[in-house]
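*Asks:* Sharing data-v3.pdb, PDB, C-alpha atoms, pLDDT in the B column:
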```pdb
ATOM      1  CA  MET A   1      -9.841  -1.155  18.672  1.00 41.00           C
ATOM      2  CA  SER A   2     -10.175  -4.823  19.516  1.00 41.00           C
ATOM      3  CA  ALA A   3      -6.978  -6.644  20.309  1.00 46.00           C
ATOM      4  CA  ILE A   4      -7.782  -9.508  17.956  1.00 52.00           C
ATOM      5  CA  LEU A   5      -9.490  -9.004  14.614  1.00 56.00           C
ATOM      6  CA  SER A   6     -11.057 -12.037  13.044  1.00 60.00           C
ATOM      7  CA  PRO A   7     -13.167 -12.070   9.885  1.00 60.00           C
ATOM      8  CA  GLY A   8     -15.390 -14.574  11.687  1.00 64.00           C
ATOM      9  CA  ASN A   9     -16.174 -12.040  14.422  1.00 80.00           C
ATOM     10  CA  MET A  10     -17.073  -9.263  11.987  1.00 89.00           C
ATOM     11  CA  LYS A  11     -20.606  -8.034  11.472  1.00 94.00           C
ATOM     12  CA  MET A  12     -21.851  -6.627   8.162  1.00 95.00           C
ATOM     13  CA  ARG A  13     -24.701  -4.132   8.235  1.00 97.00           C
ATOM     14  CA  ALA A  14     -26.212  -1.263   6.283  1.00 97.00           C
ATOM     15  CA  MET A  15     -24.359   2.046   6.386  1.00 98.00           C
ATOM     16  CA  LEU A  16     -26.202   4.685   8.418  1.00 97.00           C
ATOM     17  CA  GLU A  17     -25.979   8.460   8.582  1.00 96.00           C
ATOM     18  CA  GLU A  18     -24.413   8.200  12.042  1.00 97.00           C
ATOM     19  CA  ASP A  19     -21.524   6.172  10.546  1.00 97.00           C
ATOM     20  CA  MET A  20     -20.341   9.089   8.399  1.00 97.00           C
ATOM     21  CA  ASP A  21     -17.668  10.434  10.747  1.00 97.00           C
ATOM     22  CA  SER A  22     -16.016   6.996  11.009  1.00 97.00           C
ATOM     23  CA  VAL A  23     -16.401   6.313   7.281  1.00 98.00           C
ATOM     24  CA  ILE A  24     -14.848   9.657   6.346  1.00 98.00           C
ATOM     25  CA  HIS A  25     -11.994   9.085   8.816  1.00 97.00           C
ATOM     26  CA  ILE A  26     -11.231   5.690   7.250  1.00 97.00           C
ATOM     27  CA  GLU A  27     -11.592   7.046   3.697  1.00 97.00           C
ATOM     28  CA  GLU A  28      -9.171   9.896   4.407  1.00 97.00           C
ATOM     29  CA  SER A  29      -6.741   7.523   6.150  1.00 96.00           C
ATOM     30  CA  ALA A  30      -6.690   5.085   3.241  1.00 93.00           C
ATOM     31  CA  TYR A  31      -6.815   7.247   0.103  1.00 90.00           C
ATOM     32  CA  SER A  32      -4.851  10.225  -1.170  1.00 88.00           C
ATOM     33  CA  HIS A  33      -7.962  11.453  -3.021  1.00 91.00           C
ATOM     34  CA  PRO A  34     -10.877  10.395  -0.789  1.00 95.00           C
ATOM     35  CA  TRP A  35     -14.585  10.480  -1.472  1.00 96.00           C
ATOM     36  CA  THR A  36     -16.455  13.303   0.233  1.00 96.00           C
ATOM     37  CA  ARG A  37     -19.211  13.011   2.808  1.00 96.00           C
ATOM     38  CA  GLY A  38     -21.605  14.205   0.093  1.00 97.00           C
ATOM     39  CA  ILE A  39     -20.678  11.328  -2.216  1.00 97.00           C
ATOM     40  CA  PHE A  40     -21.414   8.769   0.493  1.00 98.00           C
ATOM     41  CA  LYS A  41     -24.690  10.482   1.391  1.00 97.00           C
ATOM     42  CA  ASP A  42     -25.728  10.526  -2.273  1.00 97.00           C
ATOM     43  CA  CYS A  43     -24.971   6.798  -2.574  1.00 98.00           C
ATOM     44  CA  MET A  44     -27.156   6.077   0.445  1.00 97.00           C
ATOM     45  CA  ARG A  45     -29.894   8.450  -0.781  1.00 97.00           C
ATOM     46  CA  VAL A  46     -30.242   6.736  -4.180  1.00 97.00           C
ATOM     47  CA  GLY A  47     -30.331   3.273  -2.612  1.00 97.00           C
ATOM     48  CA  TYR A  48     -26.922   1.866  -3.447  1.00 98.00           C
ATOM     49  CA  HIS A  49     -25.806  -1.172  -1.458  1.00 97.00           C
ATOM     50  CA  CYS A  50     -23.745   0.627   1.239  1.00 98.00           C
ATOM     51  CA  GLN A  51     -22.357  -1.697   3.895  1.00 98.00           C
ATOM     52  CA  ILE A  52     -20.309  -1.346   7.072  1.00 97.00           C
ATOM     53  CA  LEU A  53     -17.944  -3.984   8.450  1.00 97.00           C
ATOM     54  CA  GLU A  54     -17.624  -3.734  12.215  1.00 96.00           C
ATOM     55  CA  GLN A  55     -16.529  -5.641  15.270  1.00 93.00           C
ATOM     56  CA  ASP A  56     -17.594  -4.707  18.788  1.00 90.00           C
ATOM     57  CA  GLY A  57     -19.019  -1.404  17.525  1.00 92.00           C
ATOM     58  CA  ILE A  58     -15.787  -0.367  15.775  1.00 94.00           C
ATOM     59  CA  ILE A  59     -15.992   0.176  12.024  1.00 97.00           C
ATOM     60  CA  HIS A  60     -13.073  -1.443  10.195  1.00 96.00           C
ATOM     61  CA  GLY A  61     -14.269  -1.008   6.616  1.00 97.00           C
ATOM     62  CA  TYR A  62     -17.112  -0.420   4.216  1.00 98.00           C
ATOM     63  CA  ALA A  63     -18.218  -1.074   0.669  1.00 98.00           C
ATOM     64  CA  VAL A  64     -20.514   0.604  -1.841  1.00 98.00           C
ATOM     65  CA  MET A  65     -22.104  -1.084  -4.875  1.00 98.00           C
ATOM     66  CA  SER A  66     -24.718  -0.059  -7.409  1.00 98.00           C
ATOM     67  CA  GLU A  67     -26.950  -2.458  -9.328  1.00 96.00           C
ATOM     68  CA  ALA A  68     -29.128  -1.989 -12.386  1.00 94.00           C
ATOM     69  CA  VAL A  69     -30.425  -4.132 -15.257  1.00 92.00           C
ATOM     70  CA  GLY A  70     -28.464  -7.284 -14.459  1.00 94.00           C
ATOM     71  CA  GLU A  71     -25.179  -5.495 -13.777  1.00 97.00           C
ATOM     72  CA  ALA A  72     -23.546  -4.652 -10.446  1.00 98.00           C
ATOM     73  CA  HIS A  73     -20.750  -2.125 -10.079  1.00 98.00           C
ATOM     74  CA  ILE A  74     -18.419  -2.030  -7.074  1.00 98.00           C
ATOM     75  CA  LEU A  75     -17.785   1.654  -6.435  1.00 98.00           C
ATOM     76  CA  ASN A  76     -15.744   1.630  -3.236  1.00 98.00           C
ATOM     77  CA  VAL A  77     -14.190  -0.983  -0.960  1.00 97.00           C
ATOM     78  CA  CYS A  78     -12.082   0.296   1.895  1.00 97.00           C
ATOM     79  CA  VAL A  79     -10.511  -1.154   5.035  1.00 96.00           C
ATOM     80  CA  HIS A  80      -8.875   1.052   7.650  1.00 96.00           C
ATOM     81  CA  PRO A  81      -5.076   0.914   7.151  1.00 93.00           C
ATOM     82  CA  ARG A  82      -4.643  -0.503  10.694  1.00 93.00           C
ATOM     83  CA  SER A  83      -6.987  -3.378   9.809  1.00 91.00           C
ATOM     84  CA  GLN A  84      -5.585  -4.243   6.393  1.00 91.00           C
ATOM     85  CA  ARG A  85      -3.920  -7.552   5.493  1.00 89.00           C
ATOM     86  CA  MET A  86      -6.286  -9.518   7.725  1.00 89.00           C
ATOM     87  CA  GLY A  87      -8.737 -10.764   5.093  1.00 92.00           C
ATOM     88  CA  LEU A  88     -11.300  -8.008   5.658  1.00 95.00           C
ATOM     89  CA  GLY A  89     -11.138  -6.687   2.079  1.00 95.00           C
ATOM     90  CA  ARG A  90     -11.878 -10.182   0.814  1.00 96.00           C
ATOM     91  CA  LEU A  91     -14.766 -10.437   3.268  1.00 95.00           C
ATOM     92  CA  LEU A  92     -16.231  -7.166   1.961  1.00 97.00           C
ATOM     93  CA  VAL A  93     -15.854  -8.149  -1.705  1.00 97.00           C
ATOM     94  CA  ASN A  94     -17.357 -11.588  -1.107  1.00 97.00           C
ATOM     95  CA  HIS A  95     -20.291  -9.947   0.653  1.00 96.00           C
ATOM     96  CA  LEU A  96     -20.827  -7.717  -2.400  1.00 97.00           C
ATOM     97  CA  LEU A  97     -20.663 -10.739  -4.719  1.00 98.00           C
ATOM     98  CA  ASP A  98     -23.311 -12.516  -2.636  1.00 97.00           C
ATOM     99  CA  ALA A  99     -25.503  -9.395  -2.657  1.00 97.00           C
ATOM    100  CA  ALA A 100     -25.097  -9.008  -6.443  1.00 97.00           C
ATOM    101  CA  ARG A 101     -26.160 -12.639  -6.923  1.00 97.00           C
ATOM    102  CA  ARG A 102     -29.228 -12.074  -4.731  1.00 96.00           C
ATOM    103  CA  MET A 103     -30.042  -9.051  -6.910  1.00 95.00           C
ATOM    104  CA  ARG A 104     -29.763 -11.369  -9.923  1.00 96.00           C
ATOM    105  CA  ALA A 105     -26.882  -9.457 -11.466  1.00 97.00           C
ATOM    106  CA  GLU A 106     -25.189 -11.390 -14.252  1.00 97.00           C
ATOM    107  CA  ILE A 107     -21.894  -9.490 -14.143  1.00 98.00           C
ATOM    108  CA  ILE A 108     -20.070  -7.346 -11.612  1.00 98.00           C
ATOM    109  CA  LEU A 109     -17.631  -4.616 -12.634  1.00 98.00           C
ATOM    110  CA  LEU A 110     -15.164  -2.366 -10.858  1.00 98.00           C
ATOM    111  CA  GLU A 111     -12.337   0.047 -11.531  1.00 97.00           C
ATOM    112  CA  VAL A 112      -8.985  -0.173  -9.763  1.00 96.00           C
ATOM    113  CA  ARG A 113      -5.758   1.785  -9.936  1.00 93.00           C
ATOM    114  CA  PRO A 114      -2.952  -0.203 -11.603  1.00 94.00           C
ATOM    115  CA  SER A 115      -0.730   1.051  -8.764  1.00 92.00           C
ATOM    116  CA  ASN A 116      -2.965  -0.631  -6.148  1.00 92.00           C
ATOM    117  CA  LYS A 117      -1.162  -3.964  -6.267  1.00 94.00           C
ATOM    118  CA  ALA A 118      -2.839  -5.403  -3.157  1.00 92.00           C
ATOM    119  CA  ALA A 119      -6.342  -4.756  -4.509  1.00 94.00           C
ATOM    120  CA  LEU A 120      -5.406  -6.108  -7.945  1.00 96.00           C
ATOM    121  CA  ALA A 121      -4.049  -9.309  -6.402  1.00 96.00           C
ATOM    122  CA  LEU A 122      -7.226  -9.739  -4.342  1.00 97.00           C
ATOM    123  CA  TYR A 123      -9.548  -9.164  -7.299  1.00 97.00           C
ATOM    124  CA  HIS A 124      -7.587 -11.522  -9.561  1.00 97.00           C
ATOM    125  CA  ASP A 125      -7.534 -14.183  -6.824  1.00 97.00           C
ATOM    126  CA  ILE A 126     -11.332 -13.911  -6.496  1.00 97.00           C
ATOM    127  CA  GLY A 127     -11.674 -14.401 -10.264  1.00 97.00           C
ATOM    128  CA  PHE A 128     -12.025 -10.920 -11.744  1.00 98.00           C
ATOM    129  CA  CYS A 129     -10.511 -10.434 -15.215  1.00 98.00           C
ATOM    130  CA  GLU A 130      -9.269  -7.239 -16.833  1.00 97.00           C
ATOM    131  CA  VAL A 131     -11.646  -6.131 -19.593  1.00 97.00           C
ATOM    132  CA  GLY A 132     -10.492  -2.594 -20.354  1.00 97.00           C
ATOM    133  CA  THR A 133      -8.934   0.671 -19.278  1.00 96.00           C
ATOM    134  CA  ARG A 134     -10.383   4.070 -18.461  1.00 95.00           C
ATOM    135  CA  LYS A 135      -7.768   6.662 -19.375  1.00 95.00           C
ATOM    136  CA  HIS A 136      -7.025   9.386 -16.823  1.00 89.00           C
ATOM    137  CA  TYR A 137      -9.814   8.130 -14.541  1.00 89.00           C
ATOM    138  CA  TYR A 138      -8.338   8.743 -11.085  1.00 90.00           C
ATOM    139  CA  PRO A 139      -6.841  11.944  -9.692  1.00 82.00           C
ATOM    140  CA  SER A 140      -3.259  11.491  -8.538  1.00 83.00           C
ATOM    141  CA  ASP A 141      -0.484  13.594  -7.082  1.00 81.00           C
ATOM    142  CA  ASN A 142       1.051  13.800 -10.577  1.00 83.00           C
ATOM    143  CA  GLY A 143      -2.118  14.570 -12.537  1.00 86.00           C
ATOM    144  CA  ARG A 144      -4.302  11.596 -13.477  1.00 92.00           C
ATOM    145  CA  GLU A 145      -3.962   7.800 -13.322  1.00 89.00           C
ATOM    146  CA  ASP A 146      -5.668   5.276 -15.573  1.00 92.00           C
ATOM    147  CA  ALA A 147      -8.128   2.741 -14.155  1.00 95.00           C
ATOM    148  CA  LEU A 148      -8.204  -0.921 -15.011  1.00 97.00           C
ATOM    149  CA  ILE A 149     -11.740  -2.198 -15.544  1.00 98.00           C
ATOM    150  CA  LEU A 150     -12.279  -5.647 -14.044  1.00 98.00           C
ATOM    151  CA  ALA A 151     -15.277  -7.911 -14.495  1.00 98.00           C
ATOM    152  CA  LEU A 152     -16.581 -11.153 -13.043  1.00 98.00           C
ATOM    153  CA  HIS A 153     -19.480 -13.114 -14.514  1.00 98.00           C
ATOM    154  CA  LEU A 154     -21.752 -14.304 -11.734  1.00 96.00           C
TER     155      LEU A 154
END
```
Once more with this new file: its structure as structure tokens, please.
*Replies:*
Amino acid sequence: MSAILSPGNMKMRAMLEEDMDSVIHIEESAYSHPWTRGIFKDCMRVGYHCQILEQDGIIHGYAVMSEAVGEAHILNVCVHPRSQRMGLGRLLVNHLLDAARRMRAEIILLEVRPSNKAALALYHDIGFCEVGTRKHYYPSDNGREDALILALHL
């Protein structure tokens, strides 16, 4: 890992099959109920906007977004726990917002766990607003957790 991480030194690029081991490692390090390799491969196969954030060949995070009929949906944003709190999550989300605008999406949506206070603070700071709840959406150690639905008009 690089000694100094700087959002300005990060490179964003398309996720590739050869990134899967690193992506799965980060996913399993960051989440108690991670996505599987198959989920990521399916997202790439159907043409979702799957991006890698790297510096000096080391992957620090990734993001996945779908887009259809004027609406974008952020499906996954993840930064390796060792690289968190350095502005990289914001960099990933802003990249997705720019991509959604280029795709001419009018609105971008996402789900987030109410217990994920850092992500909620980031999304609210960027301008997302809560528009609903999906009951029992996420698996959790104690059964299921609701998801807050957030939206941002582009």
*Asks:* Could you put an axis-aligned box around every listed atom of stretch 129-146 of chain A, padded by 5 Å on each side, and send me its centre and edge lengths in Å to one decimal, as AutoDock Vina command-line options?
*Replies:*
```
--center_x -5.3 --center_y 2.1 --center_z -13.7 --size_x 22.7 --size_y 35.0 --size_z 23.3
```
*Asks:* So that I can check the surroundings of stretch 79-84 of chain A, please list as a VMD selection string every protein, DNA and RNA residue that reaches within 9 Å of it, counting only C-alpha atoms and ignoring chain neighbours fewer than 4 positions away.
*Replies:* chain A and resid 5 25 to 27 29 to 30 53 59 to 63 88 to 89 92
*Asks:* As an exercise, work out the distance from atom CA of A:Leu97 to atom CA of A:Ala118 in Å and give it to one decimal place.
*Replies:* 18.7 Å
*Asks:* Kindly indicate which residue among A:His49, A:His73, A:His33, A:Lys41 lies nearest to A:Arg144, using all atoms listed in the file for the distances.
*Replies:* A:His33
*Asks:* Taking 4 positions as the minimum chain separation for residues in the same chain, which residues sit within 10 Å of A:Cys50 when counting only C-alpha atoms? Answer as a VMD selection string.
*Replies:* chain A and resid 13 to 16 40 to 41 43 to 44 62 to 66 75 to 77 96
*Asks:* Using only C-alpha atoms, pick whichever of A:Glu145, A:Trp35, A:Arg102, A:Val93 has the shortest atom-to-atom distance to A:Phe128.
*Replies:*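 The closest residue to A:Phe128 is A:Val93.
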*Asks:* For a quick check of understanding, using all atoms listed in the file, which of A:Leu91, A:Met103, A:Val23, A:Met86 has the smallest distance to A:Lys11?
*Replies:*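 For A:Lys11, the nearest of the candidates is A:Leu91.
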*Asks:* May I ask which of the residues A:Leu120, A:Ile126, A:Ile74, A:Ile107 is the closest one to A:Arg90, counting all atoms listed in the file?
*Replies:*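 Closest candidate: A:Ile126.
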*Asks:* Atom CA of A:Glu54 and atom CA of A:Asp98 are how many Å apart?
*Replies:*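 Separation between atom CA of A:Glu54 and atom CA of A:Asp98: 18.2 Å.
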*Asks:* For a quick check of understanding, using all atoms listed in the file, which of A:Arg134, A:Arg85, A:Arg37, A:Arg45 has the smallest distance to A:Leu122?
*Replies:*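 Of A:Arg134, A:Arg85, A:Arg37, A:Arg45, the one nearest A:Leu122 is A:Arg85, counting all atoms listed in the file.
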*Asks:* Can you list what the PyMOL selection byres ((chain A and resi 150) around 9) grabs from this structure, as a PyMOL selection string?
*Replies:* chain A and resi 108-112+123-124+128-133+148-149+151-152
*Asks:* Would you mind telling me which residue in A:Lys117, A:Gly143, A:Leu154, A:Gln55 lies nearest to A:Arg101 when using all atoms listed in the file?
*Replies:*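 Of A:Lys117, A:Gly143, A:Leu154, A:Gln55, the one nearest A:Arg101 is A:Leu154, counting all atoms listed in the file.
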